[in-house]
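Student: What follows is input.cif, made up of mmCIF, C-alpha atoms:
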data_final
#
loop_
_atom_site.label_atom_id
_atom_site.label_comp_id
_atom_site.auth_asym_id
_atom_site.auth_seq_id
_atom_site.Cartn_x
_atom_site.Cartn_y
_atom_site.Cartn_z
CA GLU A 1 -4.15 -9.13 20.80
CA PHE A 2 -3.05 -7.44 24.03
CA PHE A 3 -4.62 -10.36 25.91
CA LEU A 4 -2.79 -12.93 23.76
CA PHE A 5 0.64 -11.34 23.91
CA SER A 6 1.94 -10.19 27.26
CA ASN A 7 4.88 -8.14 26.02
CA GLU A 8 5.19 -4.77 27.67
CA ILE A 9 3.82 -1.96 25.52
CA SER A 10 6.39 0.74 24.82
CA PRO A 11 5.49 4.42 25.29
CA TRP A 12 4.27 6.21 22.17
CA VAL A 13 6.89 7.99 20.05
CA PRO A 14 6.29 10.13 16.91
CA ALA A 15 7.60 7.33 14.65
CA ASP A 16 4.64 5.20 15.77
CA SER A 17 2.21 7.60 14.08
CA LEU A 18 4.14 7.36 10.83
CA ALA A 19 4.12 3.56 11.12
CA ILE A 20 0.34 3.49 11.67
CA MET A 21 -0.23 5.55 8.53
CA LYS A 22 2.01 3.24 6.51
CA LEU A 23 0.31 0.15 7.97
CA MET A 24 -2.98 1.60 6.75
CA GLY A 25 -1.37 1.83 3.30
CA VAL A 26 -0.37 -1.86 3.44
CA GLN A 27 -3.93 -2.86 4.28
CA MET A 28 -5.40 -0.74 1.47
CA ALA A 29 -2.91 -1.58 -1.29
CA THR A 30 -4.07 -3.86 -4.12
CA GLN A 31 -1.75 -3.13 -7.04
CA VAL A 32 0.84 -5.77 -6.13
CA GLN A 33 -1.84 -8.46 -6.52
CA THR A 34 -2.60 -7.03 -9.97
CA GLU A 35 1.10 -7.24 -10.83
CA VAL A 36 1.11 -10.93 -9.86
CA LEU A 37 -2.09 -11.58 -11.83
CA ARG A 38 -0.59 -9.93 -14.91
CA ALA A 39 2.54 -12.07 -14.57
CA ARG A 40 0.46 -15.26 -14.24
CA VAL A 41 -1.50 -14.40 -17.36
CA ALA A 42 1.72 -13.51 -19.23
CA LEU A 43 3.02 -17.02 -18.56
CA ALA A 44 -0.15 -18.66 -19.84
CA VAL A 45 -1.06 -16.85 -23.06
CA ALA A 46 0.64 -15.46 -26.14
CA PRO A 47 1.77 -11.80 -26.01
CA GLU A 48 -0.94 -10.62 -28.41
CA ARG A 49 -3.60 -12.36 -26.32
CA LEU A 50 -2.17 -10.77 -23.16
CA LEU A 51 -2.65 -7.29 -24.64
CA ASP A 52 -6.24 -8.25 -25.51
CA ILE A 53 -7.05 -9.41 -21.97
CA LEU A 54 -4.95 -6.80 -20.13
CA PRO A 55 -4.59 -3.83 -22.51
CA ASP A 56 -2.66 -1.87 -19.87
CA ALA A 57 0.13 -4.50 -19.83
CA PRO A 58 3.46 -2.74 -20.39
CA GLY A 59 5.09 -3.04 -23.77
CA SER A 60 8.75 -3.65 -24.53
CA GLY A 61 11.03 -1.28 -22.65
CA VAL A 62 14.16 0.44 -23.84
CA ALA A 63 16.43 -1.97 -21.94
CA ALA A 64 17.51 -5.24 -23.55
CA LEU A 65 15.84 -7.62 -21.08
CA PRO A 66 15.18 -11.34 -21.58
CA GLU A 67 11.64 -12.55 -22.23
CA TYR A 68 9.90 -13.13 -18.90
CA ALA A 69 8.71 -16.67 -19.74
CA ALA A 70 12.24 -17.62 -20.86
CA LEU A 71 13.45 -17.20 -17.28
CA PHE A 72 11.49 -20.31 -16.24
CA ASP A 73 12.75 -23.84 -16.83
CA ALA A 74 9.33 -24.92 -18.09
CA ALA A 75 6.76 -22.16 -18.35
CA PRO A 76 3.12 -23.28 -18.09
CA THR A 77 1.09 -23.08 -21.29
CA ASP A 78 -2.44 -22.82 -19.90
CA PHE A 79 -4.25 -21.65 -16.80
CA ALA A 80 -4.71 -25.17 -15.41
CA ALA A 81 -0.92 -25.53 -15.23
CA LEU A 82 -0.51 -22.48 -13.07
CA ALA A 83 -0.08 -22.79 -9.32
CA PRO A 84 -3.36 -22.36 -7.41
CA GLU A 85 -4.14 -19.13 -5.66
CA PRO A 86 -2.53 -19.13 -2.20
CA VAL A 87 -4.81 -19.85 0.74
CA SER A 88 -5.50 -16.69 2.71
CA ASP A 89 -4.06 -16.59 6.23
CA PRO A 90 -6.52 -14.70 8.48
CA LEU A 91 -3.63 -13.57 10.71
CA SER A 92 -1.44 -12.36 7.85
CA PRO A 93 -0.94 -8.57 7.53
CA VAL A 94 -0.94 -9.09 3.75
CA PRO A 95 -4.54 -9.08 2.49
CA ALA A 96 -5.62 -11.71 -0.03
CA ARG A 97 -6.84 -10.59 -3.43
CA GLY A 98 -10.61 -10.16 -3.24
CA PHE A 99 -13.42 -8.62 -5.21
CA ALA A 100 -13.16 -5.03 -6.36
CA GLY A 101 -13.69 -2.55 -3.55
CA ALA A 102 -14.79 1.04 -3.45
CA SER A 103 -15.22 4.06 -1.25
CA ASN A 104 -17.62 6.92 -1.79
CA ALA A 105 -17.82 10.69 -1.52
CA TRP A 106 -20.60 13.00 -2.65
CA ALA A 107 -20.51 16.78 -2.78
CA ALA A 108 -23.19 19.36 -3.56
CA SER A 109 -22.91 23.10 -3.97
CA ALA A 110 -25.03 25.58 -2.05
CA THR A 111 -27.39 25.98 -5.02
CA ARG A 112 -28.23 22.26 -4.80
CA SER A 113 -29.00 22.07 -1.07
CA ALA A 114 -32.27 22.86 0.69
CA ALA A 115 -30.53 24.82 3.46
CA GLY A 116 -28.36 26.85 1.10
CA GLY A 117 -25.02 25.42 2.26
CA THR A 118 -22.47 23.14 0.67
CA LEU A 119 -22.75 19.42 1.46
CA LEU A 120 -20.17 16.62 1.63
CA ALA A 121 -20.87 12.97 2.48
CA ASN A 122 -17.99 10.49 2.78
CA ASP A 123 -17.82 6.71 3.31
CA PRO A 124 -14.19 5.49 3.16
CA HIS A 125 -15.29 1.80 3.19
CA LEU A 126 -12.49 0.66 5.47
CA GLY A 127 -12.48 -2.84 6.91
CA LEU A 128 -14.69 -3.93 9.80
CA THR A 129 -12.43 -4.37 12.83
CA ALA A 130 -12.61 -4.60 16.60
CA PRO A 131 -11.68 -2.12 17.92
CA THR A 132 -12.88 0.10 15.10
CA ILE A 133 -10.37 1.95 12.89
CA ILE A 134 -11.90 5.43 13.06
CA TYR A 135 -13.13 7.29 16.15
CA LEU A 136 -15.20 10.46 16.12
CA ALA A 137 -13.48 13.36 17.87
CA ARG A 138 -13.53 17.13 18.19
CA LEU A 139 -10.32 19.12 18.39
CA GLU A 140 -9.89 22.76 19.33
CA LEU A 141 -7.01 24.21 17.29
CA SER A 142 -5.61 27.72 17.21
CA SER A 143 -7.28 28.05 13.80
CA GLY A 144 -10.66 26.95 15.20
CA GLY A 145 -12.56 23.80 16.12
CA ILE A 146 -12.79 20.74 13.86
CA ILE A 147 -14.77 17.51 14.16
CA GLY A 148 -14.24 14.27 12.27
CA GLY A 149 -12.63 10.86 12.12
CA THR A 150 -9.36 10.08 13.89
CA ILE A 151 -7.22 6.94 13.91
CA PRO A 152 -5.84 5.97 17.36
CA GLY A 153 -2.13 6.66 17.54
CA MET A 154 -2.19 9.41 14.91
CA PRO A 155 -2.47 13.07 16.00
CA ALA A 156 -4.38 13.88 12.82
CA MET A 157 -7.95 13.96 11.56
CA MET A 158 -8.14 12.08 8.27
CA LEU A 159 -11.63 13.33 7.35
CA GLY A 160 -13.81 15.95 8.94
CA ARG A 161 -15.05 19.52 8.89
CA SER A 162 -14.60 22.92 10.43
CA GLU A 163 -16.90 25.94 10.39
CA ASN A 164 -15.85 26.88 6.85
CA PHE A 165 -14.31 23.76 5.30
CA GLY A 166 -14.98 20.03 4.94
CA TRP A 167 -12.88 17.20 3.50
CA GLY A 168 -13.27 13.48 2.82
CA LEU A 169 -11.06 10.68 1.51
CA THR A 170 -11.61 7.74 -0.83
CA SER A 171 -9.24 5.05 -2.11
CA ALA A 172 -7.56 5.97 -5.39
CA TYR A 173 -6.48 2.46 -6.48
CA LEU A 174 -3.50 3.88 -8.35
CA ASP A 175 -0.78 1.83 -10.03
CA ASP A 176 1.67 2.86 -7.32
CA GLN A 177 3.46 -0.49 -6.87
CA ASP A 178 5.91 -2.31 -9.15
CA LEU A 179 7.49 -5.74 -8.77
CA PHE A 180 11.10 -6.15 -9.87
CA ILE A 181 12.29 -9.68 -10.64
CA GLU A 182 15.92 -9.60 -9.49
CA GLU A 183 18.55 -12.13 -10.63
CA LEU A 184 20.61 -13.64 -7.82
CA ASP A 185 24.35 -14.17 -8.10
CA PRO A 186 24.69 -17.99 -8.49
CA ASP A 187 27.92 -17.87 -6.49
CA ASP A 188 26.58 -15.58 -3.75
CA PRO A 189 22.77 -15.40 -3.19
CA SER A 190 23.22 -12.28 -1.06
CA ARG A 191 23.87 -10.30 -4.25
CA VAL A 192 21.60 -9.33 -7.15
CA ARG A 193 22.39 -8.13 -10.65
CA GLY A 194 22.59 -4.35 -11.04
CA PRO A 195 23.52 -2.02 -13.90
CA ASN A 196 27.24 -2.68 -13.38
CA GLY A 197 27.19 -6.32 -12.32
CA PHE A 198 26.16 -8.07 -9.12
CA GLU A 199 25.59 -5.86 -6.07
CA PRO A 200 25.16 -6.83 -2.38
CA MET A 201 21.68 -6.58 -0.92
CA ARG A 202 21.14 -4.53 2.20
CA THR A 203 20.17 -6.81 5.09
CA ARG A 204 18.96 -6.46 8.66
CA PRO A 205 18.10 -9.17 11.22
CA SER A 206 14.67 -9.04 12.81
CA ILE A 207 13.80 -10.96 15.99
CA ILE A 208 10.27 -12.36 16.29
CA ARG A 209 9.29 -13.27 19.85
CA ILE A 210 6.92 -16.25 20.13
CA LYS A 211 4.89 -17.01 23.22
CA ASP A 212 6.29 -19.98 25.20
CA GLU A 213 8.92 -20.64 22.51
CA ALA A 214 12.40 -19.46 21.65
CA PRO A 215 12.64 -16.26 19.57
CA VAL A 216 13.07 -16.65 15.82
CA THR A 217 15.48 -14.44 13.86
CA ILE A 218 14.77 -13.73 10.20
CA GLU A 219 16.85 -11.72 7.75
CA LEU A 220 15.20 -8.83 5.96
CA GLN A 221 16.63 -7.97 2.54
CA TRP A 222 16.51 -4.91 0.29
CA THR A 223 17.71 -4.33 -3.25
CA ALA A 224 18.09 -0.94 -4.90
CA ASN A 225 14.46 -1.27 -6.02
CA GLY A 226 12.92 -2.02 -2.62
CA PRO A 227 12.39 -4.76 -0.03
CA VAL A 228 12.53 -8.40 -1.09
CA ILE A 229 9.11 -10.01 -0.56
CA PRO A 230 9.04 -13.74 0.35
CA GLY A 231 7.42 -16.02 -2.19
CA HIS A 232 4.63 -17.13 0.17
CA HIS A 233 3.18 -13.60 0.13
CA TYR A 234 0.86 -12.48 -2.70
CA GLY A 235 1.45 -15.79 -4.55
CA LEU A 236 4.86 -14.54 -5.68
CA ALA A 237 6.38 -18.04 -5.71
CA ALA A 238 4.34 -18.89 -8.82
CA VAL A 239 5.71 -15.95 -10.82
CA THR A 240 9.32 -15.79 -9.57
CA PRO A 241 11.77 -17.72 -11.79
CA PRO A 242 14.41 -20.00 -10.20
CA GLY A 243 17.50 -18.09 -9.11
CA HIS A 244 15.54 -14.84 -8.71
CA VAL A 245 13.76 -12.86 -6.00
CA ALA A 246 10.96 -10.30 -6.20
CA ALA A 247 11.51 -6.77 -4.85
CA LEU A 248 8.66 -4.31 -4.32
CA SER A 249 8.92 -0.65 -5.33
CA TRP A 250 6.23 1.60 -3.83
CA THR A 251 5.64 5.29 -3.23
CA LEU A 252 4.94 4.38 0.42
CA PHE A 253 8.62 3.48 0.85
CA THR A 254 9.98 6.89 -0.10
CA GLY A 255 12.16 8.58 2.49
CA ALA A 256 10.53 11.92 1.66
CA ASP A 257 7.02 10.95 2.74
CA THR A 258 5.35 14.12 4.06
CA SER A 259 1.82 12.69 4.13
CA LEU A 260 1.28 13.14 7.87
CA SER A 261 2.45 16.75 7.69
CA ALA A 262 0.04 17.31 4.79
CA THR A 263 -2.82 15.90 6.88
CA LEU A 264 -1.99 18.23 9.77
CA LYS A 265 -2.03 21.19 7.35
CA LEU A 266 -5.37 20.03 5.96
CA MET A 267 -6.87 20.22 9.44
CA ARG A 268 -6.10 23.96 9.54
CA ALA A 269 -7.36 24.76 6.03
CA ARG A 270 -10.19 27.29 5.77
CA SER A 271 -11.01 26.91 2.07
CA VAL A 272 -10.72 24.54 -0.87
CA SER A 273 -7.73 26.49 -2.20
CA GLU A 274 -5.93 26.10 1.14
CA GLY A 275 -6.90 22.41 1.20
CA ILE A 276 -5.42 21.88 -2.26
CA ALA A 277 -2.20 23.57 -1.17
CA ALA A 278 -2.05 21.28 1.90
CA GLY A 279 -2.69 18.17 -0.20
CA GLU A 280 0.19 18.88 -2.57
CA SER A 281 2.68 17.41 -0.09
CA TYR A 282 0.66 14.22 0.44
CA VAL A 283 2.41 11.07 -0.88
CA ALA A 284 0.91 7.76 0.29
CA PRO A 285 -1.23 5.72 0.65
CA ALA A 286 -2.92 6.72 -2.61
CA LEU A 287 -6.17 8.56 -1.85
CA ASN A 288 -8.65 10.90 -3.51
CA LEU A 289 -9.32 14.10 -1.58
CA VAL A 290 -12.79 15.66 -1.84
CA MET A 291 -13.29 19.14 -0.38
CA VAL A 292 -16.02 21.74 0.05
CA ASP A 293 -16.13 25.25 1.52
#
Starting from the file, give its structure as C-alpha cells.

Tutor:
Amino acid sequence: EFFLFSNEISPWVPADSLAIMKLMGVQMATQVQTEVLRARVALAVAPERLLDILPDAPGSGVAALPEYAALFDAAPTDFAALAPEPVSDPLSPVPARGFAGASNAWAASATRSAAGGTLLANDPHLGLTAPTIIYLARLELSSGGIIGGTIPGMPAMMLGRSENFGWGLTSAYLDDQDLFIEELDPDDPSRVRGPNGFEPMRTRPSIIRIKDEAPVTIELQWTANGPVIPGHHYGLAAVTPPGHVAALSWTLFTGADTSLSATLKLMRARSVSEGIAAGESYVAPALNLVMVD
C-alpha cells in the first residue's frame, strides 16, 4: 500500500501502538456478525422458534421496549424475503462473516515430556498477509532475555518464552459486542432517543484523501452506547428499522484499556502466578492466555 499511496508517513508515536492493537481486535472480532444474524432470524421466525434455533437469544428485558419486528413497516416473514448477504469488499477493513475459525494451544507438564520440562505449543491462526503479521524476535530485558512473536509497531511480545516462563494466545470468541438500535429524532436526525428524551450525538469530521481526486469529508457519529456504524457494514441495513441507526458497544472502545500495559508486564513474568497477575489488567481484544513455567 505504500507504493499505491504516496502520502508522507508520519513518525511513530505511542498512540500508534495502541491503534495497531485495536486494529487487530477489529480484524479478529466476529460477534457483531452474530448479532446481525440473530436479528435477521428474529425477523423471520416466531419468538418460540427463535429460542429453538438460537437458545442464547436474549429474553425480555426489564425495560418496556417495543417489539423489534414492530419497528419495521413490513417485516419479512421468511428467509427468502430477507435481504441477501452483503458482497464482501476485499479492501474493506470490516471482515465478512465466514466459517467458524479457531486457534490452538497445547500444554504438557514436566511429567508428560520426554526431556522432563514443561511444553507449550501455540498457533494463533491469524490471517495470511504480506507482509506477515508476526515476526520472530529476541529481546534482552532487565528481567532477562525473551524470544517470541512481535507485531511491527508494537513494543510488545504477544507470545513467547523466557528461561522460566512461556505464554501463548488464542482467540476467545467472547460475546463482547452489542448492537444498539437507536431511534432518531424525526425533527433532527442528529439526535437519538435517550433515557430523558432526545439527545445530540457526538460528531467529528474525518477527511479521506483520495489519489488524484479531491478529498472527501465524512461525519463520524457517536451515541452514548458507542459509534454509529453505517448500514453498508456487516449487513446492518437489513436489520435497522427506518428512522433508526445502529450503534456498536464493545469492550475495545473503553477508555480504560490497559491491554498493552498488561502485555508488557507479561513479558517480564517469571512464573504462571506472575503471568496471571499481569493478565488481570488485559481488556481487549478477547483472548485466551495459556501459560507454563

Student: For a quick check of understanding, using all atoms listed in the file, which of A:Pro200, A:Pro195, A:Pro205, A:Gly117 has the smallest distance to Glu163 in chain A?

Tutor: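 Answer, going by the shortest atom-to-atom distance: A:Gly117.
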
Student: On this structure, which residues satisfy the PyMOL selection byres ((chain A and resi 22) around 12), written as a list in words?

Tutor: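 Applying the PyMOL selection byres ((chain A and resi 22) around 12) to the structure shown produces Ala15, Asp16, Ser17, Leu18, Ala19, Ile20, Met21, Leu23, Met24, Gly25, Val26, Gln27, Met28, Ala29, Met154, Trp250, Thr251, Leu252, Phe253, Thr254, Asp257, Thr258, Ser259, Leu260, Val283, Ala284, Pro285 and Ala286 of chain A.
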
Student: What's the 12 Å shell around Pro189 in chain A, counting all atoms listed in the file, without same-chain residues fewer than 6 positions away, as a PyMOL selection string?

Tutor: chain A and resi 182-183+198-201+221+242-245

Student: Return as a PyMOL selection string the set of residues that the PyMOL selection byres ((chain A and resi 107) around 12) yields on the displayed structure.

Tutor: chain A and resi 104-106+108-113+117-122+166-168+289-293

Student: Mind pulling up the distance from CA of Leu71 in chain A to CA of Glu35 in chain A?

Tutor: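 Value for the CA of Glu35 in chain A-CA of Leu71 in chain A distance: 17.1 Å.
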
Student: Set up a box along x, y and z of the file covering all listed atoms of range 203-209 of chain A, add 3 Å on every one of the six sides, and write the centre and edge lengths in Å to one decimal, as JSON.

Tutor:
{"center_x": 14.7, "center_y": -9.9, "center_z": 12.5, "size_x": 16.9, "size_y": 12.8, "size_z": 20.8}

Student: Determine the residue membership of the PyMOL selection byres ((chain A and resi 246) around 7) for the file above and supply it as a ChimeraX atom specification.

Tutor: /A:179-182,228-229,240,244-245,247-248

Student: Neighbouring residues of range 202-204 of chain A were defined as those with any atom within 8 Å, considering only C-alpha atoms; residues of the same chain fewer than 5 positions away were excluded. Please report them as a ChimeraX atom specification.

Tutor: /A:219-223

Student: Let me make sure I understand: among A:Met158, A:Pro186, A:Gly116, A:Thr132, which one has the smallest atom-to-atom distance to Leu264 in chain A if we use all atoms listed in the file?

Tutor: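 Comparing A:Met158, A:Pro186, A:Gly116, A:Thr132 against Leu264 in chain A, the winner is A:Met158.
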
Student: List the neighbours of Ala69 in chain A out to 12 Å using only C-alpha atoms; skip same-chain residues closer than 5 positions along the sequence, and give me the result as an mmCIF file with C-alpha atoms, in the coordinates of the input.

Tutor:
data_model
loop_
_atom_site.group_PDB
_atom_site.id
_atom_site.type_symbol
_atom_site.label_atom_id
_atom_site.label_comp_id
_atom_site.auth_asym_id
_atom_site.auth_seq_id
_atom_site.Cartn_x
_atom_site.Cartn_y
_atom_site.Cartn_z
ATOM 1 C CA ALA A 39 2.540 -12.070 -14.570
ATOM 2 C CA ARG A 40 0.460 -15.260 -14.240
ATOM 3 C CA VAL A 41 -1.500 -14.400 -17.360
ATOM 4 C CA ALA A 42 1.720 -13.510 -19.230
ATOM 5 C CA LEU A 43 3.020 -17.020 -18.560
ATOM 6 C CA ALA A 44 -0.150 -18.660 -19.840
ATOM 7 C CA VAL A 45 -1.060 -16.850 -23.060
ATOM 8 C CA ALA A 46 0.640 -15.460 -26.140
ATOM 9 C CA PRO A 47 1.770 -11.800 -26.010
ATOM 10 C CA ALA A 74 9.330 -24.920 -18.090
ATOM 11 C CA ALA A 75 6.760 -22.160 -18.350
ATOM 12 C CA PRO A 76 3.120 -23.280 -18.090
ATOM 13 C CA THR A 77 1.090 -23.080 -21.290
ATOM 14 C CA ALA A 238 4.340 -18.890 -8.820
ATOM 15 C CA VAL A 239 5.710 -15.950 -10.820
ATOM 16 C CA THR A 240 9.320 -15.790 -9.570
ATOM 17 C CA PRO A 241 11.770 -17.720 -11.790
ATOM 18 C CA PRO A 242 14.410 -20.000 -10.200
#
